[in-house]
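Enquirer: TSV, C-alpha atoms, saved as structure25.tsv, coming up:
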```tsv
chain	number	residue	atom	x	y	z
A	240	MET	CA	37.74	3.24	10.43
A	241	LYS	CA	39.24	6.29	12.05
A	242	SER	CA	41.55	5.60	14.96
A	243	SER	CA	39.20	7.25	17.42
A	244	ILE	CA	36.24	4.98	16.66
A	245	LEU	CA	37.20	2.16	18.98
A	246	LEU	CA	37.83	4.50	21.90
A	247	PHE	CA	34.65	6.42	21.12
A	248	ALA	CA	32.56	3.26	20.83
A	249	THR	CA	34.00	1.80	24.01
A	250	ALA	CA	33.23	5.00	25.87
A	251	LEU	CA	29.63	4.73	24.72
A	252	LEU	CA	29.41	1.20	26.06
A	253	LEU	CA	30.87	2.17	29.43
A	254	SER	CA	28.53	5.13	29.64
A	255	SER	CA	25.56	2.87	28.96
A	256	CYS	CA	26.69	0.34	31.55
A	257	ALA	CA	27.03	3.09	34.15
A	258	GLY	CA	23.37	3.92	33.65
A	259	SER	CA	23.96	7.56	32.81
A	260	LYS	CA	20.85	9.49	31.82
A	261	LYS	CA	20.62	11.93	28.94
A	262	GLU	CA	19.39	15.45	29.43
A	263	LYS	CA	15.95	16.12	27.96
A	264	ASN	CA	17.29	18.24	25.11
A	265	GLU	CA	20.37	16.13	24.39
A	266	GLU	CA	20.44	14.47	20.98
A	267	PRO	CA	20.58	10.63	21.18
A	268	THR	CA	23.92	9.16	20.19
A	269	THR	CA	23.77	6.50	17.50
A	270	GLN	CA	26.41	4.03	16.43
A	271	THR	CA	27.07	2.73	12.97
A	272	PRO	CA	26.81	-1.06	12.55
A	273	ALA	CA	30.62	-1.20	12.39
A	274	GLU	CA	31.00	0.73	15.64
A	275	SER	CA	28.52	-1.56	17.37
A	276	LEU	CA	30.46	-4.64	16.27
A	277	ILE	CA	33.72	-3.09	17.44
A	278	VAL	CA	32.21	-2.53	20.88
A	279	ARG	CA	30.98	-6.11	20.98
A	280	LEU	CA	34.32	-7.56	19.95
A	281	ASP	CA	36.17	-5.33	22.40
A	282	SER	CA	33.89	-6.39	25.25
A	283	THR	CA	34.39	-10.05	24.30
A	284	SER	CA	38.18	-9.88	24.26
A	285	LYS	CA	38.30	-7.98	27.55
A	286	SER	CA	36.16	-10.70	29.14
A	287	GLY	CA	38.83	-13.28	28.26
A	288	ARG	CA	36.63	-15.04	25.72
A	289	PHE	CA	36.80	-15.32	21.93
A	290	PHE	CA	34.56	-16.28	19.03
A	291	PHE	CA	35.48	-19.51	17.28
A	292	GLY	CA	35.29	-19.16	13.50
A	293	HIS	CA	35.11	-21.52	10.52
A	294	HIS	CA	35.23	-20.71	6.81
A	295	ASP	CA	32.22	-21.63	4.60
A	296	ASP	CA	30.75	-23.48	7.56
A	297	THR	CA	27.19	-24.01	6.29
A	298	ALA	CA	27.96	-24.23	2.56
A	299	TYR	CA	29.52	-27.69	2.59
A	300	GLY	CA	31.31	-30.15	4.84
A	301	HIS	CA	33.51	-33.20	4.61
A	302	GLU	CA	30.64	-35.47	3.50
A	303	TRP	CA	27.90	-33.11	2.27
A	304	LYS	CA	27.06	-30.01	0.23
A	305	TYR	CA	24.29	-27.45	0.60
A	306	VAL	CA	22.10	-29.23	3.12
A	307	PRO	CA	19.85	-26.65	4.85
A	308	GLY	CA	20.92	-26.00	8.43
A	309	LYS	CA	23.85	-28.40	8.29
A	310	SER	CA	27.33	-27.73	9.63
A	311	ASP	CA	30.20	-30.06	10.56
A	312	VAL	CA	30.88	-27.85	13.57
A	313	LYS	CA	27.26	-27.97	14.68
A	314	ASP	CA	27.02	-31.72	14.11
A	315	VAL	CA	29.91	-32.25	16.53
A	316	THR	CA	29.28	-29.54	19.14
A	317	GLY	CA	25.55	-28.84	18.91
A	318	GLU	CA	26.18	-25.21	17.96
A	319	TYR	CA	27.28	-23.22	14.94
A	320	PRO	CA	30.64	-21.45	15.12
A	321	GLY	CA	30.45	-18.01	16.70
A	322	LEU	CA	32.03	-16.54	13.56
A	323	MET	CA	31.63	-17.60	9.94
A	324	ASN	CA	34.05	-16.49	7.25
A	325	TRP	CA	33.05	-16.10	3.60
A	326	ASP	CA	35.01	-15.23	0.48
A	327	LEU	CA	34.21	-12.73	-2.27
A	328	GLY	CA	36.58	-14.14	-4.88
A	329	MET	CA	34.91	-13.72	-8.32
A	330	ILE	CA	32.56	-10.95	-7.16
A	331	GLU	CA	34.92	-8.67	-9.07
A	332	LEU	CA	33.85	-10.34	-12.33
A	333	ASP	CA	30.16	-10.02	-11.41
A	334	SER	CA	29.96	-13.82	-11.15
A	335	ALA	CA	27.01	-15.57	-9.54
A	336	ARG	CA	29.38	-17.91	-7.65
A	337	ASN	CA	32.63	-17.39	-5.80
A	338	LEU	CA	35.96	-19.09	-6.48
A	339	ASP	CA	34.89	-22.25	-4.61
A	340	GLY	CA	31.54	-22.41	-6.37
A	341	VAL	CA	29.48	-21.00	-3.51
A	342	PRO	CA	26.62	-18.83	-4.85
A	343	PHE	CA	26.78	-15.23	-3.65
A	344	LYS	CA	23.03	-15.41	-3.03
A	345	PHE	CA	23.68	-18.29	-0.63
A	346	ILE	CA	26.47	-16.34	1.08
A	347	SER	CA	24.18	-13.35	1.55
A	348	GLU	CA	21.41	-15.53	3.01
A	349	GLU	CA	23.81	-17.30	5.37
A	350	ILE	CA	25.31	-14.01	6.57
A	351	ILE	CA	21.78	-12.87	7.40
A	352	ALA	CA	21.06	-16.15	9.21
A	353	GLN	CA	24.32	-16.07	11.18
A	354	ASN	CA	23.66	-12.48	12.21
A	355	ALA	CA	20.09	-13.36	13.28
A	356	ARG	CA	21.30	-16.15	15.58
A	357	GLY	CA	23.72	-13.78	17.28
A	358	GLY	CA	26.84	-14.80	15.42
A	359	ILE	CA	29.45	-12.73	13.60
A	360	ASN	CA	30.50	-12.75	9.95
A	361	ALA	CA	33.89	-12.09	8.38
A	362	ILE	CA	34.78	-11.73	4.71
A	363	SER	CA	38.01	-12.41	2.85
A	364	TRP	CA	38.66	-11.77	-0.84
A	365	HIS	CA	40.72	-13.97	-3.17
A	366	LEU	CA	40.24	-11.90	-6.29
A	367	ARG	CA	41.65	-12.45	-9.76
A	368	ASN	CA	44.84	-10.85	-11.00
A	369	PRO	CA	43.55	-7.82	-12.96
A	370	LEU	CA	46.66	-7.71	-15.14
A	371	SER	CA	47.16	-11.36	-16.12
A	372	GLY	CA	43.60	-12.63	-15.72
A	373	GLY	CA	44.83	-15.45	-13.49
A	374	ASP	CA	43.76	-16.19	-9.93
A	375	SER	CA	45.06	-14.66	-6.70
A	376	TRP	CA	48.03	-17.01	-6.72
A	377	ASP	CA	49.11	-15.97	-10.23
A	378	VAL	CA	52.23	-13.88	-9.68
A	379	SER	CA	53.29	-13.89	-13.33
A	380	ALA	CA	52.25	-10.22	-13.47
A	381	SER	CA	52.37	-7.56	-10.74
A	382	PRO	CA	49.43	-5.15	-11.09
A	383	LEU	CA	50.44	-2.88	-8.21
A	384	GLN	CA	53.68	-2.03	-9.98
A	385	GLN	CA	51.77	-0.69	-12.99
A	386	LEU	CA	48.81	1.13	-11.45
A	387	GLN	CA	50.35	4.58	-11.71
A	388	GLU	CA	50.91	4.51	-15.46
A	389	ASN	CA	48.15	2.10	-16.54
A	390	ALA	CA	44.85	3.99	-16.39
A	391	ALA	CA	42.79	1.07	-17.69
A	392	LEU	CA	44.21	-1.22	-15.00
A	393	SER	CA	43.49	1.38	-12.35
A	394	ASP	CA	39.90	1.75	-13.55
A	395	THR	CA	39.44	-2.05	-13.52
A	396	LEU	CA	40.68	-2.34	-9.96
A	397	ASP	CA	38.42	0.51	-8.85
A	398	LEU	CA	35.46	-1.23	-10.49
A	399	TRP	CA	36.30	-4.51	-8.76
A	400	ILE	CA	36.65	-2.89	-5.35
A	401	GLY	CA	33.35	-1.13	-5.95
A	402	ARG	CA	31.61	-4.43	-6.63
A	403	ALA	CA	32.91	-5.86	-3.35
A	404	ALA	CA	31.68	-2.73	-1.57
A	405	ASP	CA	28.24	-2.98	-3.20
A	406	PHE	CA	27.85	-6.60	-2.07
A	407	ILE	CA	28.72	-5.74	1.51
A	408	ALA	CA	26.37	-2.74	1.42
A	409	SER	CA	23.54	-5.05	0.32
A	410	LEU	CA	23.72	-7.15	3.51
A	411	LYS	CA	20.65	-6.26	5.57
A	412	ASP	CA	18.67	-7.96	8.31
A	413	ALA	CA	14.92	-8.58	8.37
A	414	GLU	CA	14.29	-4.99	9.51
A	415	GLY	CA	16.43	-3.53	6.74
A	416	ASN	CA	19.38	-2.64	8.97
A	417	ASN	CA	22.92	-2.99	7.61
A	418	ILE	CA	24.61	-6.12	8.93
A	419	PRO	CA	28.13	-5.48	10.27
A	420	VAL	CA	30.93	-7.64	8.89
A	421	ILE	CA	34.68	-7.93	9.37
A	422	PHE	CA	36.38	-7.33	6.03
A	423	ARG	CA	39.89	-8.74	5.62
A	424	PRO	CA	41.19	-7.76	2.17
A	425	TRP	CA	44.74	-8.09	0.85
A	426	HIS	CA	45.61	-10.70	3.50
A	427	GLU	CA	48.85	-12.65	3.96
A	428	ASN	CA	50.70	-9.90	2.12
A	429	THR	CA	53.99	-10.75	3.85
A	430	GLY	CA	54.02	-13.99	1.86
A	431	THR	CA	54.96	-14.21	-1.80
A	432	TRP	CA	52.03	-16.32	-3.07
A	433	PHE	CA	49.49	-13.55	-3.82
A	434	TRP	CA	49.86	-10.92	-6.55
A	435	TRP	CA	49.57	-8.18	-3.91
A	436	GLY	CA	52.16	-9.83	-1.65
A	437	ALA	CA	55.86	-9.48	-0.91
A	438	GLY	CA	58.03	-9.44	-4.01
A	439	ASN	CA	55.09	-8.40	-6.17
A	440	SER	CA	54.66	-4.91	-4.71
A	441	THR	CA	56.60	-2.44	-2.60
A	442	PRO	CA	55.39	-1.56	0.91
A	443	GLU	CA	54.21	1.83	-0.37
A	444	GLN	CA	52.31	0.25	-3.25
A	445	TYR	CA	50.58	-2.09	-0.82
A	446	LYS	CA	49.67	0.77	1.51
A	447	ASP	CA	48.26	2.71	-1.44
A	448	LEU	CA	46.11	-0.32	-2.31
A	449	TRP	CA	44.58	-0.24	1.18
A	450	LYS	CA	43.98	3.50	0.95
A	451	ARG	CA	42.38	3.08	-2.47
A	452	THR	CA	40.08	0.40	-1.06
A	453	ARG	CA	39.07	2.57	1.89
A	454	ARG	CA	38.49	5.58	-0.35
A	455	ILE	CA	36.09	3.66	-2.58
A	456	PHE	CA	34.20	2.16	0.38
A	457	ASP	CA	34.02	5.52	2.14
A	458	GLU	CA	32.81	7.31	-1.00
A	459	LYS	CA	29.96	4.81	-1.16
A	460	GLY	CA	29.06	5.53	2.46
A	461	ILE	CA	29.71	1.98	3.67
A	462	ASP	CA	29.19	1.99	7.45
A	463	ASN	CA	29.05	-1.72	8.26
A	464	VAL	CA	32.69	-2.75	7.78
A	465	VAL	CA	35.22	-3.48	10.52
A	466	TRP	CA	38.62	-3.53	8.79
A	467	ALA	CA	41.12	-6.30	9.56
A	468	TYR	CA	44.82	-6.22	8.63
A	469	SER	CA	46.23	-9.76	8.56
A	470	PRO	CA	49.78	-10.48	7.35
A	471	ASP	CA	51.15	-14.00	7.40
A	472	ARG	CA	53.98	-14.96	9.78
A	473	VAL	CA	57.00	-12.66	9.63
A	474	PRO	CA	60.71	-13.21	10.40
A	475	ASN	CA	60.57	-10.70	13.25
A	476	PRO	CA	57.71	-8.79	14.93
A	477	GLU	CA	58.81	-5.38	13.67
A	478	GLN	CA	58.34	-6.61	10.08
A	479	TYR	CA	54.61	-6.80	10.79
A	480	PHE	CA	54.17	-3.04	10.35
A	481	VAL	CA	56.33	-2.52	7.25
A	482	THR	CA	53.24	-2.63	5.03
A	483	TYR	CA	50.76	-1.29	7.61
A	484	PRO	CA	48.55	1.36	5.97
A	485	GLY	CA	48.00	3.35	9.19
A	486	ASP	CA	45.77	3.38	12.24
A	487	GLU	CA	43.12	5.45	10.48
A	488	TYR	CA	42.51	2.61	8.00
A	489	VAL	CA	42.44	-0.44	10.30
A	490	ASP	CA	40.31	-1.67	13.23
A	491	ILE	CA	41.70	-5.17	13.84
A	492	LEU	CA	45.32	-6.28	13.94
A	493	GLY	CA	45.40	-9.94	13.00
A	494	SER	CA	47.70	-12.62	11.68
A	495	ASP	CA	47.40	-15.78	9.59
A	496	ILE	CA	49.61	-18.57	10.89
A	497	TYR	CA	49.00	-22.22	9.98
A	498	HIS	CA	50.30	-25.37	11.62
A	499	PHE	CA	52.14	-27.51	9.08
A	500	GLY	CA	53.72	-30.89	9.67
A	501	GLY	CA	51.51	-32.35	12.38
A	502	ALA	CA	52.85	-33.32	15.80
A	503	ASP	CA	56.46	-33.19	14.63
A	504	ASN	CA	56.18	-29.46	13.98
A	505	ALA	CA	53.86	-28.52	16.85
A	506	ASP	CA	56.64	-26.72	18.72
A	507	GLN	CA	57.58	-24.77	15.59
A	508	TYR	CA	53.95	-23.65	15.22
A	509	ARG	CA	53.82	-22.65	18.89
A	510	GLN	CA	57.00	-20.61	18.47
A	511	SER	CA	55.61	-18.84	15.40
A	512	VAL	CA	52.42	-17.87	17.19
A	513	ARG	CA	54.10	-16.86	20.45
A	514	GLY	CA	56.72	-14.93	18.54
A	515	LEU	CA	54.13	-12.68	16.91
A	516	LEU	CA	50.65	-12.60	18.45
A	517	PRO	CA	51.66	-11.24	21.89
A	518	TYR	CA	53.54	-8.43	20.12
A	519	VAL	CA	50.50	-7.72	17.93
A	520	ALA	CA	48.30	-7.67	21.03
A	521	GLU	CA	50.59	-5.15	22.73
A	522	GLU	CA	50.55	-2.92	19.68
A	523	ALA	CA	46.77	-3.23	19.40
A	524	ALA	CA	46.39	-2.05	22.99
A	525	LYS	CA	48.66	0.94	22.36
A	526	ARG	CA	46.80	1.91	19.21
A	527	GLY	CA	43.26	1.34	20.45
A	528	LYS	CA	42.74	-1.62	18.11
A	529	LEU	CA	41.33	-5.12	18.43
A	530	VAL	CA	43.49	-8.21	17.97
A	531	ALA	CA	42.47	-11.49	16.32
A	532	PHE	CA	43.92	-14.79	15.14
A	533	THR	CA	42.43	-14.22	11.72
A	534	GLU	CA	43.32	-17.53	10.05
A	535	THR	CA	44.87	-20.73	11.33
A	536	GLY	CA	44.43	-24.48	11.43
A	537	LEU	CA	45.98	-27.92	11.08
A	538	GLU	CA	44.92	-29.60	7.84
A	539	SER	CA	43.02	-32.87	8.42
A	540	VAL	CA	43.35	-32.20	12.19
A	541	VAL	CA	45.96	-34.96	12.34
A	542	MET	CA	46.51	-34.38	16.08
A	543	ASP	CA	43.59	-35.72	18.12
A	544	ASN	CA	44.17	-33.11	20.85
A	545	TRP	CA	45.09	-30.13	18.67
A	546	PHE	CA	42.24	-27.86	19.73
A	547	THR	CA	42.68	-28.21	23.50
A	548	GLU	CA	46.40	-28.88	23.78
A	549	VAL	CA	47.81	-26.69	21.01
A	550	LEU	CA	45.40	-23.96	19.89
A	551	LEU	CA	43.63	-23.14	23.16
A	552	PRO	CA	46.77	-22.67	25.29
A	553	LEU	CA	48.27	-20.40	22.62
A	554	VAL	CA	45.41	-17.91	22.69
A	555	SER	CA	44.28	-18.23	26.30
A	556	ASP	CA	46.59	-15.45	27.49
A	557	ILE	CA	46.15	-13.21	24.45
A	558	PRO	CA	43.04	-10.99	24.25
A	559	VAL	CA	42.00	-12.17	20.78
A	560	ALA	CA	38.46	-11.30	19.75
A	561	TYR	CA	38.21	-14.36	17.52
A	562	VAL	CA	40.08	-17.35	16.12
A	563	CYS	CA	39.18	-18.67	12.66
A	564	VAL	CA	40.14	-22.01	11.10
A	565	TRP	CA	39.79	-22.69	7.39
A	566	ARG	CA	37.14	-24.69	5.55
A	567	ASN	CA	36.03	-28.32	5.43
A	568	ALA	CA	36.22	-29.06	1.72
A	569	ASN	CA	34.02	-31.87	0.43
A	570	GLN	CA	35.84	-35.20	0.34
A	571	GLU	CA	34.93	-35.75	-3.31
A	572	GLU	CA	37.00	-32.69	-4.26
A	573	LYS	CA	39.73	-32.46	-1.61
A	574	PRO	CA	39.46	-35.40	0.80
A	575	MET	CA	42.22	-34.24	3.16
A	576	HIS	CA	41.46	-30.50	3.07
A	577	TYR	CA	39.50	-29.84	6.27
A	578	TYR	CA	40.24	-27.98	9.48
A	579	ALA	CA	37.37	-28.79	11.86
A	580	PRO	CA	36.48	-32.31	13.01
A	581	TYR	CA	33.34	-33.88	11.57
A	582	PRO	CA	31.26	-36.66	13.22
A	583	GLY	CA	33.38	-39.78	13.57
A	584	HIS	CA	36.71	-37.99	13.23
A	585	PRO	CA	39.36	-39.00	15.82
A	586	ALA	CA	39.52	-35.42	17.14
A	587	GLU	CA	35.75	-35.19	17.69
A	588	ALA	CA	35.93	-35.60	21.48
A	589	ASP	CA	38.70	-33.03	21.78
A	590	PHE	CA	36.73	-30.54	19.71
A	591	LYS	CA	33.72	-31.01	21.99
A	592	LYS	CA	35.99	-30.32	24.96
A	593	PHE	CA	37.26	-27.18	23.20
A	594	HIS	CA	33.66	-26.09	22.61
A	595	ASP	CA	32.79	-26.65	26.29
A	596	ASN	CA	35.65	-24.46	27.50
A	597	PRO	CA	34.19	-21.21	28.90
A	598	LYS	CA	36.60	-19.13	26.79
A	599	THR	CA	35.14	-20.19	23.45
A	600	ILE	CA	31.99	-18.69	21.92
A	601	PHE	CA	29.73	-20.66	19.59
A	602	VAL	CA	26.09	-19.82	18.76
A	603	LYS	CA	22.83	-21.72	18.59
```
Could the structure of this file be written out as structure tokens, please?

Expert:
Amino acid sequence: MKSSILLFATALLLSSCAGSKKEKNEEPTTQTPAESLIVRLDSTSKSGRFFFGHHDDTAYGHEWKYVPGKSDVKDVTGEYPGLMNWDLGMIELDSARNLDGVPFKFISEEIIAQNARGGINAISWHLRNPLSGGDSWDVSASPLQQLQENAALSDTLDLWIGRAADFIASLKDAEGNNIPVIFRPWHENTGTWFWWGAGNSTPEQYKDLWKRTRRIFDEKGIDNVVWAYSPDRVPNPEQYFVTYPGDEYVDILGSDIYHFGGADNADQYRQSVRGLLPYVAEEAAKRGKLVAFTETGLESVVMDNWFTEVLLPLVSDIPVAYVCVWRNANQEEKPMHYYAPYPGHPAEADFKKFHDNPKTIFVK
């Protein structure tokens, strides 16, 4: 999204709120779905509130899979999360299911349902390594280092990006309008675990990947994407922008920072967040961008008060538009891999208290 979009969209909102009337012969101003979502997120963050997000929320939970209308978050709080995150991994291979086995048809239907109830959708993409054939975590080969001289590899990557774009373009509501989504590709690039990450590409190669992605989306006329840039934690704040593709390519400045080690490492987690997110928020304000805590969580929620005593205080003074925790994997597959309390979990009462705080946004 061009750097002027946020300012332009915000101006439209302010103009509307002021009750200004159009001249008889003045053409009506229309917003793209992406611009409308930017205005909504901007208004939310300026109000001091934020959307709470959860990955794959209605696909499965700690003790269930594919039960219509079910959600661990809803079962505890009475409401769905305000934001749901979904992943496009395997869309690049034209698969019917993503990397976690969730059917893309189901994802599309749930994005439509979440949008209809007034919620927001975000999309990440753990795609395969186009050079080795392995998954996102396969760093045995570095595709970005060979794109310039390997035409077949370049064509494959273009095809894959195009398939992701086509899926997003297909998301429409009951009236046929494009549904806006936050798209967060090439995330956690400051870490070394993804084939597009640090050590597997140069900063310029990573920036070119973003520009390639935007070019393909823009050539297809995609108008319902809000673009989120989300590195992992960095050794110093300035490092955050080393791989930044530029203001004209990004709408949201985010960061992925997880809490590891339970209560013993709570202070270390707090330091990591406070050492980066306020800086990102300041830069977002200067650049006319939104800020978000794009991915976080404490696996198994091993602290009974984590949501109200750790997470909430960290973001209360930062104008984040949303905070997203990761998924609740089914206990038959990964019994300890969950990031939101389910009914009967020791942190259930704390999560309800977090939900009841006026800063958090969930949806019916």

Enquirer: Give me, as a PyMOL selection string, all polymer residues having an atom no more than 8 Å from region 435-450 of chain A, counting only C-alpha atoms and skipping those fewer than 4 positions away in the same chain.

Expert: chain A and resi 378+381-384+425+427-431+454+481-484+488

Enquirer: How many Å lie between CA of Tyr581 (chain A) and CA of Asp311 (chain A), rounded to one decimal?

Expert: 5.0 Å

Enquirer: Counting all atoms listed in the file, which of A:Ile362, A:Val562, A:Ala579, A:Ile351 gets nearest to Val315 (chain A)?

Expert: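 With all atoms listed in the file as the atom set, the closest residue is A:Ala579.
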
Enquirer: Just to confirm, what's the straight-line distance from CA of Leu392 (chain A) to CA of Arg367 (chain A) in Å (one decimal)?

Expert: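 Interatomic distance here is 12.7 Å.
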
Enquirer: Which protein, DNA or RNA residues have an atom at most 8 Å from (48.9, -15.2, 11.8), counting all atoms listed in the file? List them as a VMD selection string.

Expert: chain A and resid 469 to 472 493 to 497 512 515 to 516 532 to 535

Enquirer: May I have the residues within 9 Å of region 290-294 of chain A as a PyMOL selection string, using all atoms listed in the file and disregarding those fewer than 3 positions away in the same chain?

Expert: chain A and resi 280+283+297+312+320-326+358-361+533-534+559-567+578-579+594+598-601

Enquirer: Tell me, as a count of residues only, which residues lie within 8 Å of region 400-406 of chain A, counting only C-alpha atoms; anything in the same chain fewer than 4 positions away does not count.

Expert: 11

Enquirer: When you count only C-alpha atoms, which of these residues is closest to Ile421 (chain A): A:Trp466, A:Tyr508, A:Phe433, A:Tyr577?

Expert: A:Trp466

Enquirer: Could you check how far CA of Ala502 (chain A) sits from CA of Met542 (chain A), in Å to one decimal?

Expert: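 Result for CA of Ala502 (chain A) versus CA of Met542 (chain A): 6.4 Å, one decimal.
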
Enquirer: Looking at only C-alpha atoms, which of A:Leu529, A:Leu398, A:Ala568, A:Met575 is the one that sits closest to Val341 (chain A)?

Expert: A:Ala568

Enquirer: Leaving out Asn417 (chain A) and any residue of its chain fewer than 5 positions from it, which residues lie within 9 Å of it when counting all atoms listed in the file, given as an MDAnalysis selection string?

Expert: chainID A and resid 271:272 407:412 462:463
